[in-house]
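Below is protein04.cif, which holds mmCIF, C-alpha atoms.
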data_work
#
loop_
_atom_site.group_PDB
_atom_site.id
_atom_site.type_symbol
_atom_site.label_atom_id
_atom_site.label_comp_id
_atom_site.auth_asym_id
_atom_site.auth_seq_id
_atom_site.Cartn_x
_atom_site.Cartn_y
_atom_site.Cartn_z
ATOM 1 C CA MET A 3 118.995 118.381 122.646
ATOM 2 C CA LYS A 4 116.584 115.712 123.924
ATOM 3 C CA THR A 5 113.577 117.775 122.875
ATOM 4 C CA LEU A 6 115.058 118.266 119.421
ATOM 5 C CA LEU A 7 115.627 114.537 118.971
ATOM 6 C CA GLY A 8 112.088 113.842 120.134
ATOM 7 C CA ALA A 9 110.719 116.462 117.760
ATOM 8 C CA LEU A 10 112.601 114.958 114.827
ATOM 9 C CA ALA A 11 111.259 111.517 115.750
ATOM 10 C CA LEU A 12 107.661 112.779 115.818
ATOM 11 C CA ALA A 13 108.009 114.617 112.518
ATOM 12 C CA THR A 14 109.616 111.595 110.869
ATOM 13 C CA ALA A 15 106.850 109.305 112.152
ATOM 14 C CA GLY A 16 104.184 111.545 110.677
ATOM 15 C CA LEU A 17 105.943 111.968 107.344
ATOM 16 C CA ALA A 18 106.789 108.270 106.999
ATOM 17 C CA PHE A 19 103.183 107.285 107.721
ATOM 18 C CA PHE A 20 101.785 109.348 104.860
ATOM 19 C CA VAL A 21 104.598 108.888 102.347
ATOM 20 C CA GLY A 22 104.842 105.162 103.072
ATOM 21 C CA GLN A 23 101.199 104.623 102.181
ATOM 22 C CA LEU A 24 101.469 106.544 98.921
ATOM 23 C CA VAL A 25 104.593 104.659 97.870
ATOM 24 C CA VAL A 26 103.250 101.207 98.753
ATOM 25 C CA GLN A 27 99.844 101.740 97.159
ATOM 26 C CA SER A 28 101.568 102.910 93.958
ATOM 27 C CA ALA A 29 102.823 99.344 93.491
ATOM 28 C CA TRP A 30 99.302 97.913 93.332
ATOM 29 C CA THR A 31 98.324 96.586 89.897
ATOM 30 C CA THR A 32 94.628 96.578 90.852
ATOM 31 C CA PRO A 33 92.825 99.813 91.785
ATOM 32 C CA PHE A 34 93.384 100.948 95.368
ATOM 33 C CA SER A 35 90.508 102.909 96.894
ATOM 34 C CA TRP A 36 90.758 105.083 99.999
ATOM 35 C CA ALA A 37 87.011 104.554 100.427
ATOM 36 C CA ASP A 38 87.099 100.744 100.239
ATOM 37 C CA ASN A 39 90.639 99.583 101.052
ATOM 38 C CA ASN A 40 91.768 99.778 104.657
ATOM 39 C CA ILE A 41 95.229 101.050 105.511
ATOM 40 C CA SER A 42 95.991 97.538 106.765
ATOM 41 C CA ASP A 43 95.443 96.178 103.249
ATOM 42 C CA LEU A 44 98.791 97.710 102.314
ATOM 43 C CA GLY A 45 100.550 95.409 104.784
ATOM 44 C CA MET A 46 98.778 92.150 103.945
ATOM 45 C CA VAL A 47 101.182 89.503 102.697
ATOM 46 C CA SER A 48 98.795 87.383 100.600
ATOM 47 C CA CYS A 49 96.579 88.136 97.617
ATOM 48 C CA GLY A 50 92.852 87.457 97.439
ATOM 49 C CA ASP A 51 89.400 88.622 98.456
ATOM 50 C CA TRP A 52 89.110 89.968 101.979
ATOM 51 C CA GLY A 53 86.378 91.312 104.242
ATOM 52 C CA ASP A 54 82.628 91.814 103.959
ATOM 53 C CA PRO A 55 81.801 93.178 101.466
ATOM 54 C CA ALA A 56 84.721 91.484 99.774
ATOM 55 C CA ARG A 57 87.528 93.578 98.312
ATOM 56 C CA TYR A 58 90.529 92.289 96.398
ATOM 57 C CA VAL A 59 93.829 92.796 98.207
ATOM 58 C CA CYS A 60 97.292 92.293 96.725
ATOM 59 C CA SER A 61 100.094 94.494 98.047
ATOM 60 C CA PRO A 62 103.449 93.738 96.357
ATOM 61 C CA TRP A 63 105.364 96.017 98.717
ATOM 62 C CA HIS A 64 103.658 94.841 101.911
ATOM 63 C CA ALA A 65 107.013 94.357 103.646
ATOM 64 C CA GLY A 66 107.752 98.049 103.197
ATOM 65 C CA MET A 67 104.435 99.094 104.732
ATOM 66 C CA ASN A 68 104.898 96.793 107.710
ATOM 67 C CA ALA A 69 108.411 98.153 108.196
ATOM 68 C CA VAL A 70 106.942 101.665 108.246
ATOM 69 C CA PHE A 71 104.413 100.612 110.901
ATOM 70 C CA VAL A 72 107.156 99.192 113.124
ATOM 71 C CA ALA A 73 109.419 102.195 112.568
ATOM 72 C CA ASN A 74 106.508 104.486 113.403
ATOM 73 C CA GLY A 75 106.083 102.743 116.731
ATOM 74 C CA ILE A 76 109.744 103.219 117.596
ATOM 75 C CA LEU A 77 109.733 106.862 116.490
ATOM 76 C CA ILE A 78 106.529 107.679 118.373
ATOM 77 C CA ALA A 79 107.965 106.128 121.533
ATOM 78 C CA ILE A 80 111.130 108.225 121.204
ATOM 79 C CA GLY A 81 109.096 111.345 120.494
ATOM 80 C CA ALA A 82 106.736 110.758 123.407
ATOM 81 C CA LEU A 83 109.569 110.176 125.869
ATOM 82 C CA LEU A 84 111.689 113.131 124.769
ATOM 83 C CA ALA A 85 109.276 115.771 123.478
ATOM 84 C CA VAL A 86 105.888 115.335 125.191
ATOM 85 C CA PRO A 87 105.892 116.997 128.618
ATOM 86 C CA ARG A 88 102.599 115.785 130.116
ATOM 87 C CA ARG A 89 102.863 112.398 131.792
ATOM 88 C CA LEU A 90 99.398 111.107 130.854
ATOM 89 C CA ALA A 91 99.956 112.051 127.223
ATOM 90 C CA ARG A 92 103.325 110.257 127.258
ATOM 91 C CA VAL A 93 101.848 107.068 128.689
ATOM 92 C CA LEU A 94 98.971 106.993 126.201
ATOM 93 C CA LEU A 95 101.259 107.698 123.251
ATOM 94 C CA LEU A 96 103.667 104.985 124.384
ATOM 95 C CA ALA A 97 100.739 102.553 124.336
ATOM 96 C CA ALA A 98 99.894 103.744 120.821
ATOM 97 C CA ALA A 99 103.532 103.190 119.851
ATOM 98 C CA VAL A 100 103.271 99.576 121.005
ATOM 99 C CA GLY A 101 100.129 99.319 118.895
ATOM 100 C CA CYS A 102 101.994 100.496 115.795
ATOM 101 C CA VAL A 103 104.635 97.828 116.287
ATOM 102 C CA LEU A 104 101.944 95.151 116.732
ATOM 103 C CA VAL A 105 100.230 96.270 113.522
ATOM 104 C CA GLY A 106 103.495 95.922 111.606
ATOM 105 C CA LEU A 107 104.531 92.602 113.112
ATOM 106 C CA ALA A 108 101.081 91.012 112.766
ATOM 107 C CA PRO A 109 99.571 91.747 109.335
ATOM 108 C CA ALA A 110 95.784 91.419 109.333
ATOM 109 C CA ASP A 111 95.761 88.321 107.126
ATOM 110 C CA LEU A 112 98.268 86.467 109.335
ATOM 111 C CA ASP A 113 97.155 87.354 112.869
ATOM 112 C CA GLU A 114 93.943 89.359 112.770
ATOM 113 C CA ASN A 115 93.357 89.443 116.530
ATOM 114 C CA ARG A 116 96.788 90.849 117.345
ATOM 115 C CA HIS A 117 96.560 93.253 114.417
ATOM 116 C CA VAL A 118 93.185 94.579 115.582
ATOM 117 C CA LEU A 119 94.515 94.972 119.126
ATOM 118 C CA GLY A 120 97.415 97.025 117.807
ATOM 119 C CA ALA A 121 95.139 99.170 115.666
ATOM 120 C CA ALA A 122 92.826 99.788 118.633
ATOM 121 C CA LEU A 123 95.757 101.003 120.724
ATOM 122 C CA VAL A 124 96.706 103.442 117.966
ATOM 123 C CA PHE A 125 93.206 104.701 117.185
ATOM 124 C CA VAL A 126 91.870 105.009 120.727
ATOM 125 C CA LEU A 127 94.871 105.631 122.968
ATOM 126 C CA GLY A 128 96.801 107.581 120.338
ATOM 127 C CA ASN A 129 93.983 110.077 119.857
ATOM 128 C CA ALA A 130 93.354 110.186 123.604
ATOM 129 C CA GLY A 131 97.069 110.827 124.056
ATOM 130 C CA ILE A 132 97.128 113.960 121.938
ATOM 131 C CA ILE A 133 93.971 115.213 123.658
ATOM 132 C CA ALA A 134 95.900 114.818 126.924
ATOM 133 C CA VAL A 135 98.502 117.277 125.596
ATOM 134 C CA ARG A 136 95.793 119.846 126.464
ATOM 135 C CA LYS A 137 96.462 122.335 123.687
ATOM 136 C CA PRO A 138 93.773 123.483 121.226
ATOM 137 C CA LEU A 139 95.056 121.867 118.015
ATOM 138 C CA PRO A 140 95.755 118.371 119.386
ATOM 139 C CA VAL A 141 92.499 118.435 121.364
ATOM 140 C CA VAL A 142 90.525 119.139 118.184
ATOM 141 C CA LEU A 143 92.477 116.618 116.108
ATOM 142 C CA GLY A 144 92.212 113.944 118.786
ATOM 143 C CA ALA A 145 88.478 114.516 119.204
ATOM 144 C CA VAL A 146 87.948 114.201 115.447
ATOM 145 C CA GLY A 147 89.986 111.001 115.506
ATOM 146 C CA LEU A 148 87.994 109.461 118.361
ATOM 147 C CA VAL A 149 84.620 110.328 116.821
ATOM 148 C CA ALA A 150 85.753 108.921 113.477
ATOM 149 C CA THR A 151 87.026 105.792 115.248
ATOM 150 C CA GLY A 152 83.565 105.209 116.685
ATOM 151 C CA LEU A 153 81.960 105.726 113.283
ATOM 152 C CA HIS A 154 84.483 103.415 111.619
ATOM 153 C CA LEU A 155 83.950 100.649 114.160
ATOM 154 C CA SER A 156 80.177 100.945 113.761
ATOM 155 C CA ARG A 157 80.691 100.822 109.974
ATOM 156 C CA HIS A 158 79.307 104.275 109.255
ATOM 157 C CA GLY A 159 81.206 105.820 106.353
ATOM 158 C CA LEU A 160 79.047 108.951 106.018
ATOM 159 C CA GLY A 161 79.894 109.232 102.339
ATOM 160 C CA LEU A 162 83.615 108.591 102.861
ATOM 161 C CA GLY A 163 83.330 104.821 102.849
ATOM 162 C CA VAL A 164 84.216 102.724 105.882
ATOM 163 C CA ALA A 165 87.897 102.782 104.908
ATOM 164 C CA GLY A 166 87.698 106.527 104.356
ATOM 165 C CA MET A 167 86.342 106.906 107.873
ATOM 166 C CA GLU A 168 89.257 104.800 109.121
ATOM 167 C CA ARG A 169 91.606 107.358 107.596
ATOM 168 C CA LEU A 170 89.714 110.200 109.248
ATOM 169 C CA ALA A 171 90.218 108.326 112.525
ATOM 170 C CA VAL A 172 93.994 108.045 112.276
ATOM 171 C CA PHE A 173 95.205 110.741 109.868
ATOM 172 C CA PRO A 174 94.679 113.581 112.398
ATOM 173 C CA LEU A 175 96.926 111.762 114.885
ATOM 174 C CA PHE A 176 99.816 111.427 112.454
ATOM 175 C CA ALA A 177 99.229 114.923 111.123
ATOM 176 C CA TRP A 178 99.750 116.184 114.679
ATOM 177 C CA PHE A 179 102.991 114.217 115.002
ATOM 178 C CA LEU A 180 104.275 115.921 111.861
ATOM 179 C CA ILE A 181 103.015 119.395 112.810
ATOM 180 C CA GLU A 182 104.238 119.210 116.405
ATOM 181 C CA GLY A 183 107.610 117.829 115.397
ATOM 182 C CA VAL A 184 108.165 120.610 112.869
ATOM 183 C CA ARG A 185 106.943 123.225 115.367
ATOM 184 C CA LEU A 186 109.344 122.055 118.049
ATOM 185 C CA VAL A 187 112.275 121.921 115.631
ATOM 186 C CA ALA A 188 111.487 125.459 114.466
ATOM 187 C CA ALA A 189 111.177 126.655 118.064
ATOM 188 C CA ARG A 190 114.623 125.251 118.847
ATOM 189 C CA ARG A 191 116.200 126.831 115.753
ATOM 190 C CA ILE A 192 114.833 130.364 116.169
ATOM 191 C CA PRO A 193 116.592 131.141 119.489
ATOM 192 C CA SER A 194 119.827 129.692 118.053
ATOM 193 C CA GLU A 195 119.590 131.915 114.970
ATOM 194 C CA ARG A 196 118.936 134.963 117.128
ATOM 195 C CA ALA A 197 121.984 134.172 119.239
ATOM 196 C CA ASP A 198 124.126 133.829 116.114
ATOM 197 C CA ALA A 199 122.864 137.183 114.827
ATOM 198 C CA ALA A 200 123.757 138.871 118.101
#
Translate the structure described by the file into structure tokens.
Amino acid sequence: MKTLLGALALATAGLAFFVGQLVVQSAWTTPFSWADNNISDLGMVSCGDWGDPARYVCSPWHAGMNAVFVANGILIAIGALLAVPRRLARVLLLAAAVGCVLVGLAPADLDENRHVLGAALVFVLGNAGIIAVRKPLPVVLGAVGLVATGLHLSRHGLGLGVAGMERLAVFPLFAWFLIEGVRLVAARRIPSERADAA
């Protein structure tokens, strides 16, 4: 039962991360670009030019995005504690969960230092955490995330844009949460269905 709850938490975290962004960016009245606008732009509470080069940010549903970030942190923590067997992976993912909460509680335009700290915990320790699971898929996804994190921090977009590289740094992590959560739920259901058939 604990594993199932953890699996549901991981899957929900992954799904909420992707759906939340799409919903919140749909409320923008100015164009939102995955190449130019950071994920954090969705959670900024004020409107105006931001960054270098400057980009216009105005996110009407910023409260919703920040709520998703905080909820993600809680869900990842539950998932790590209940559904991730390797201790090192659990510890690293718990640190990433704290980072998610920090990102949501400290929007970049209100407390940039705390926001960046939270994002670093997610990008670096989150990807390291799934590598520590020591299975082929999370190792590959985590490695892609870490390499993309380095490129993003050094402002190399490689045709994706710096914000696009940011997404390549973190999307694999949340994709794994969704995939692993669904896999674990399915694995729990199959034996139950076989028992019912017998």
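One distance worth recording is that between atom CA of Arg136 of chain A and atom CA of Ala150 of chain A, which is 19.7 Å.
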Step by step, work through what the PyMOL selection byres ((chain A and resi 78) around 12) selects in the shown file, and finish by giving those residues as a PyMOL selection string. chain A and resi 7-19+70-77+79-86+91-103+124+128+131-132+175-176+178-180+182-183
Selected by the PyMOL selection byres ((chain A and resi 29) around 8) in the shown coordinates: which residues, as an NGL selection string? :A and (25-28 or 30-31 or 61-63)
Go through the shown structure with the PyMOL selection byres ((chain A and resi 167) around 9) and write out the matching residues as a PyMOL selection string. chain A and resi 37+150-151+153-154+157-166+168-172
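Here atom CA of Leu104 of chain A stands at a distance of 14.1 Å from atom CA of Ala65 of chain A.
The smallest atom-to-atom distance between Val105 of chain A and any of A:Ala145, A:Cys49, A:Ile41, A:Ala134, using only C-alpha atoms, is found for A:Ile41.
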Please report the interatomic distance between atom CA of Asp54 of chain A and atom CA of Asp111 of chain A in Å with one decimal. 14.0 Å
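Between Leu143 of chain A and the residues A:Leu123, A:Glu114, A:Leu90, A:Ala177, the shortest atom-to-atom distance, using all atoms listed in the file, involves A:Ala177.
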Taking every listed atom of segment 118-128 of chain A and adding 5 Å to each side, what centre and edge lengths in Å (one decimal) does the axis-aligned box have, as JSON?
{"center_x": 94.6, "center_y": 101.1, "center_z": 119.3, "size_x": 15.5, "size_y": 23.0, "size_z": 17.4}
What lies within 12 Å of Gly53 of chain A using only C-alpha atoms, ignoring chain neighbours under 3 positions off, as a PyMOL selection string? chain A and resi 38-40+42-43+50+56-59+110-111+114+164-165
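Contact shell of Gly45 of chain A at 6 Å (all atoms listed in the file; same-chain neighbours under 5 positions omitted): His64, Met67, Asn68 and Pro109 of chain A.
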Would you write out those residues with C-alpha atoms, as an mmCIF file, in the frame of the given file?
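The resulting file, result-v6.cif, is shown below:
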data_model
loop_
_atom_site.group_PDB
_atom_site.id
_atom_site.type_symbol
_atom_site.label_atom_id
_atom_site.label_comp_id
_atom_site.auth_asym_id
_atom_site.auth_seq_id
_atom_site.Cartn_x
_atom_site.Cartn_y
_atom_site.Cartn_z
ATOM 1 C CA HIS A 64 103.658 94.841 101.911
ATOM 2 C CA MET A 67 104.435 99.094 104.732
ATOM 3 C CA ASN A 68 104.898 96.793 107.710
ATOM 4 C CA PRO A 109 99.571 91.747 109.335
#
